[in-house]
Amino acid sequence: MAVSSEKKDVLSIYFGVRLASERLFSLVWTMICTYDPQFQNQNIEGNSEEIIRYLNNSHGLRENVKNMLRYALIPDENLDWITDSKRQLTWIFNYIKSIPGAQKSPIRVPIHLSKRNQVIAYLDYWSGTSLPDVLARLGFNHTMQSNWEIQTKPDRHFDWLKKDGSPEKINFLWDWLPANSGIFTGRNIFIGHEARFKNHEDVLIFSDQARLSNADIILLNQRARRTWLQRQQRAKAVDKGQCNFVLTKSTIAKLEKLAQKHRSNRTEIIELLINEEFRSEHHIHQVKLRPLSPETQKIN
């Protein structure tokens with residue numbers, strides 16, 4: 001839920017700043033939650049009066065917030081790359097937590113904030129208390145953005161999972177990975193990951209957390225996709241049998257042209273013609289069938 005401009009202005013007036021935005025509300029709420037964990041699960045979204053009432057009874061925290069707003073925040077435009085993505089939220093939190101000393105003082109982000117606001121509030125609070133000045137915070141943000149772009153570059157190799165929007169591919173990959181991933185990664189990439197993939201984004205999150213290399217991602221998708229296609233082909237062939245017969249060379253040439261014209265294969269063209277003739281009996285009874293000539297050849 002978005003914070004109304006009226007509520008945001010109340011908070012900006014209280015602190016004497018021009019930052020009338022969700023960013024202000026999210027940061028202050030996060031600082032309160034970190035100071036007093038009971039607020040983390042409470043939904044006070046948009047309730048500036050509740051925040052002001054709390055700060056009026058906590059002089060030290062109020063001064064910390066003022067200092068944060070006065071010296072710590074980088075411009076909004078430098079945060080445009082942050083989205084409302086679950087995957088990006090997970091990646092950024094893990095990225096910051098992996099920095100030595102980053103978890104000395106846990107930051108508690110309100111769960112009722114949007115994913116984007118959670119990320120920005122976390123980043124604002126962490127960088128404001130861990131990095132010396134705005135220049136250092138800008139540099140950190142730029143480096144993290146560059147690393148995110150590198151992280152997402154191989155995503156295209158997973159696109160085959162979402163082409164038809166079917167959950168079957170996602171379920172297949174979950175079942176296929178445990179027995180096959182170790183072949184090319186040389187390690188158990190499922191350690192600490194117990195929840196089944198629900199969607200394409202879950203697969204990408206798993207890839208991030210497993211720290212797969214670009215080569216791993218390419219090979220994983222090549223093998224998984226090949227296995228998936230083979231299973232699909234076998235499933236489609238359940239009610240089919242092989243039929244070998246011979247046709248004249250000229251007929252084969254015509255068959256090839258028909259297949260190219262209709263962007264199909266020879267088997268599909270033959271099956272279509274047979275089914276249509278069986279239904280209509282329009283042509284065969286008008287033609288006197290002759291024995292095959294010597295120029296015929298076998299077609300499979």
# chains A, B, ... in the order shown; residues from 1 in each chain; ligands from 1
call {"tool": "residues_around", "arguments": {"residues": "segment 138-155 of chain A", "least_positions_apart": "6", "cutoff": "9 Å", "atoms": "only C-alpha atoms", "output": "JSON, numbers by chain"}}
result
{"A": [74, 75, 78, 79, 81, 82, 88, 91, 92, 95, 96, 123, 127, 131, 204, 208, 214, 217, 218]}
call {"tool": "select_by_dssp", "arguments": {"residues": "segment 100-281 of chain A", "states": "strand (DSSP E or B)", "output": "list in words"}}
result
Phe245, Val246, Leu247 and Thr248 of chain A
call {"tool": "select_by_dssp", "arguments": {"residues": "segment 93-132 of chain A", "states": "helix (DSSP H, G or I)", "output": "PyMOL selection string"}}
result
chain A and resi 93-97+115-130
call {"tool": "residues_around", "arguments": {"residues": "segment 111-120 of chain A", "least_positions_apart": "4", "cutoff": "7 Å", "atoms": "only C-alpha atoms", "output": "MDAnalysis selection string"}}
result
chainID A and resid 23 26 40:41 43 82:86 89 124
call {"tool": "write_last_selection", "arguments": {"atoms": "all heavy atoms", "output": "short mmCIF file (atom, residue, chain, number, x, y, z; two decimals), in the first residue's frame"}}
result
data_model
loop_
_atom_site.label_atom_id
_atom_site.label_comp_id
_atom_site.auth_asym_id
_atom_site.auth_seq_id
_atom_site.Cartn_x
_atom_site.Cartn_y
_atom_site.Cartn_z
N ARG A 23 10.23 6.74 0.85
CA ARG A 23 11.58 6.45 1.32
C ARG A 23 11.78 6.94 2.75
O ARG A 23 12.39 6.24 3.58
CB ARG A 23 12.59 7.09 0.38
CG ARG A 23 14.03 6.72 0.69
CD ARG A 23 14.96 7.36 -0.31
NE ARG A 23 16.35 7.07 -0.02
CZ ARG A 23 17.37 7.64 -0.66
NH1 ARG A 23 17.13 8.51 -1.64
NH2 ARG A 23 18.61 7.33 -0.34
N SER A 26 9.67 4.72 5.12
CA SER A 26 10.23 3.37 5.21
C SER A 26 11.50 3.34 6.06
O SER A 26 11.71 2.42 6.86
CB SER A 26 10.54 2.84 3.81
OG SER A 26 9.37 2.81 3.01
N GLN A 40 8.20 -4.76 14.06
CA GLN A 40 8.52 -5.34 12.75
C GLN A 40 7.30 -5.99 12.11
O GLN A 40 7.13 -5.95 10.89
CB GLN A 40 9.65 -6.36 12.88
CG GLN A 40 10.17 -6.85 11.53
CD GLN A 40 11.40 -7.72 11.68
OE1 GLN A 40 11.69 -8.22 12.76
NE2 GLN A 40 12.12 -7.90 10.59
N ASN A 41 6.45 -6.61 12.91
CA ASN A 41 5.29 -7.32 12.37
C ASN A 41 4.00 -6.51 12.44
O ASN A 41 2.95 -6.98 12.03
CB ASN A 41 5.10 -8.65 13.11
CG ASN A 41 6.27 -9.59 12.90
OD1 ASN A 41 6.83 -9.65 11.81
ND2 ASN A 41 6.66 -10.31 13.94
N ASN A 43 1.52 -3.56 11.30
CA ASN A 43 1.27 -2.82 10.07
C ASN A 43 0.84 -1.40 10.40
O ASN A 43 -0.33 -1.13 10.67
CB ASN A 43 0.20 -3.52 9.24
CG ASN A 43 0.07 -2.89 7.85
OD1 ASN A 43 0.78 -1.94 7.52
ND2 ASN A 43 -0.82 -3.42 7.04
N ILE A 82 16.68 -0.29 -8.55
CA ILE A 82 16.06 -1.22 -7.60
C ILE A 82 14.58 -1.38 -7.94
O ILE A 82 13.86 -0.39 -8.09
CB ILE A 82 16.25 -0.73 -6.15
CG1 ILE A 82 17.74 -0.69 -5.81
CG2 ILE A 82 15.50 -1.63 -5.17
CD1 ILE A 82 18.05 -0.12 -4.43
N THR A 83 14.13 -2.62 -8.04
CA THR A 83 12.75 -2.92 -8.44
C THR A 83 11.99 -3.55 -7.28
O THR A 83 12.51 -3.68 -6.17
CB THR A 83 12.74 -3.89 -9.63
OG1 THR A 83 13.26 -5.16 -9.22
CG2 THR A 83 13.59 -3.35 -10.77
N ASP A 84 10.76 -3.97 -7.56
CA ASP A 84 9.94 -4.62 -6.53
C ASP A 84 10.02 -6.14 -6.68
O ASP A 84 9.03 -6.84 -6.55
CB ASP A 84 8.49 -4.15 -6.65
CG ASP A 84 7.73 -4.33 -5.33
OD1 ASP A 84 8.31 -4.04 -4.27
OD2 ASP A 84 6.56 -4.75 -5.38
N SER A 85 11.21 -6.62 -6.95
CA SER A 85 11.43 -8.04 -7.23
C SER A 85 11.85 -8.80 -5.98
O SER A 85 12.75 -8.37 -5.25
CB SER A 85 12.51 -8.18 -8.31
OG SER A 85 13.13 -9.43 -8.27
N LYS A 86 11.22 -9.93 -5.76
CA LYS A 86 11.61 -10.82 -4.65
C LYS A 86 13.05 -11.29 -4.83
O LYS A 86 13.82 -11.37 -3.86
CB LYS A 86 10.66 -12.01 -4.60
CG LYS A 86 11.06 -13.10 -3.61
CD LYS A 86 10.15 -14.31 -3.75
CE LYS A 86 10.63 -15.47 -2.89
NZ LYS A 86 9.79 -16.68 -3.09
N LEU A 89 15.48 -8.43 -4.03
CA LEU A 89 15.50 -8.22 -2.59
C LEU A 89 16.39 -9.26 -1.91
O LEU A 89 17.25 -8.92 -1.09
CB LEU A 89 14.08 -8.29 -2.03
CG LEU A 89 13.89 -8.16 -0.51
CD1 LEU A 89 12.57 -7.47 -0.19
CD2 LEU A 89 13.93 -9.52 0.19
N ASP A 124 19.62 2.16 2.93
CA ASP A 124 19.81 3.48 3.55
C ASP A 124 20.34 3.34 4.98
O ASP A 124 21.29 4.03 5.37
CB ASP A 124 18.48 4.24 3.57
CG ASP A 124 18.16 4.90 2.24
OD1 ASP A 124 19.09 5.07 1.42
OD2 ASP A 124 16.99 5.25 2.02
#
call {"tool": "residues_around", "arguments": {"residues": "Arg225 of chain A", "least_positions_apart": "2", "cutoff": "10 Å", "atoms": "only C-alpha atoms", "output": "PyMOL selection string"}}
result
chain A and resi 158+160-161+169+172-173+219-223+227-231
call {"tool": "decode", "arguments": {"residues": "segment 34-68 of chain A", "atoms": "C-alpha atoms", "output": "PDB file, in the first residue's frame"}}
result
ATOM      1  CA  THR A  34      15.550  -2.251  14.590  1.00  0.00           C
ATOM      2  CA  TYR A  35      15.431  -0.374  17.883  1.00  0.00           C
ATOM      3  CA  ASP A  36      12.206  -2.058  19.021  1.00  0.00           C
ATOM      4  CA  PRO A  37      11.572  -5.452  17.266  1.00  0.00           C
ATOM      5  CA  GLN A  38       7.901  -5.584  18.285  1.00  0.00           C
ATOM      6  CA  PHE A  39       7.153  -3.087  15.512  1.00  0.00           C
ATOM      7  CA  GLN A  40       8.517  -5.340  12.752  1.00  0.00           C
ATOM      8  CA  ASN A  41       5.292  -7.320  12.369  1.00  0.00           C
ATOM      9  CA  GLN A  42       2.893  -4.460  13.055  1.00  0.00           C
ATOM     10  CA  ASN A  43       1.271  -2.823  10.071  1.00  0.00           C
ATOM     11  CA  ILE A  44       1.484   0.927  10.614  1.00  0.00           C
ATOM     12  CA  GLU A  45       1.874   1.665   6.903  1.00  0.00           C
ATOM     13  CA  GLY A  46       1.075   5.325   6.308  1.00  0.00           C
ATOM     14  CA  ASN A  47       0.483   6.059   9.993  1.00  0.00           C
ATOM     15  CA  SER A  48       2.905   8.931  10.512  1.00  0.00           C
ATOM     16  CA  GLU A  49       1.180   9.947  13.741  1.00  0.00           C
ATOM     17  CA  GLU A  50       2.044   6.573  15.288  1.00  0.00           C
ATOM     18  CA  ILE A  51       5.689   7.008  14.317  1.00  0.00           C
ATOM     19  CA  ILE A  52       5.827  10.572  15.635  1.00  0.00           C
ATOM     20  CA  ARG A  53       4.195   9.491  18.885  1.00  0.00           C
ATOM     21  CA  TYR A  54       6.845   6.806  19.324  1.00  0.00           C
ATOM     22  CA  LEU A  55       9.734   9.145  18.501  1.00  0.00           C
ATOM     23  CA  ASN A  56       8.484  11.767  20.951  1.00  0.00           C
ATOM     24  CA  ASN A  57       9.048   9.208  23.687  1.00  0.00           C
ATOM     25  CA  SER A  58      12.485   8.203  22.420  1.00  0.00           C
ATOM     26  CA  HIS A  59      14.782  11.220  22.236  1.00  0.00           C
ATOM     27  CA  GLY A  60      17.916   9.226  21.357  1.00  0.00           C
ATOM     28  CA  LEU A  61      16.297   7.429  18.442  1.00  0.00           C
ATOM     29  CA  ARG A  62      14.766  10.668  17.181  1.00  0.00           C
ATOM     30  CA  GLU A  63      18.198  12.296  17.061  1.00  0.00           C
ATOM     31  CA  ASN A  64      19.632   9.270  15.247  1.00  0.00           C
ATOM     32  CA  VAL A  65      16.913   9.574  12.613  1.00  0.00           C
ATOM     33  CA  LYS A  66      17.607  13.294  12.189  1.00  0.00           C
ATOM     34  CA  ASN A  67      21.313  12.654  11.699  1.00  0.00           C
ATOM     35  CA  MET A  68      20.558   9.898   9.205  1.00  0.00           C
TER      36      MET A  68
END
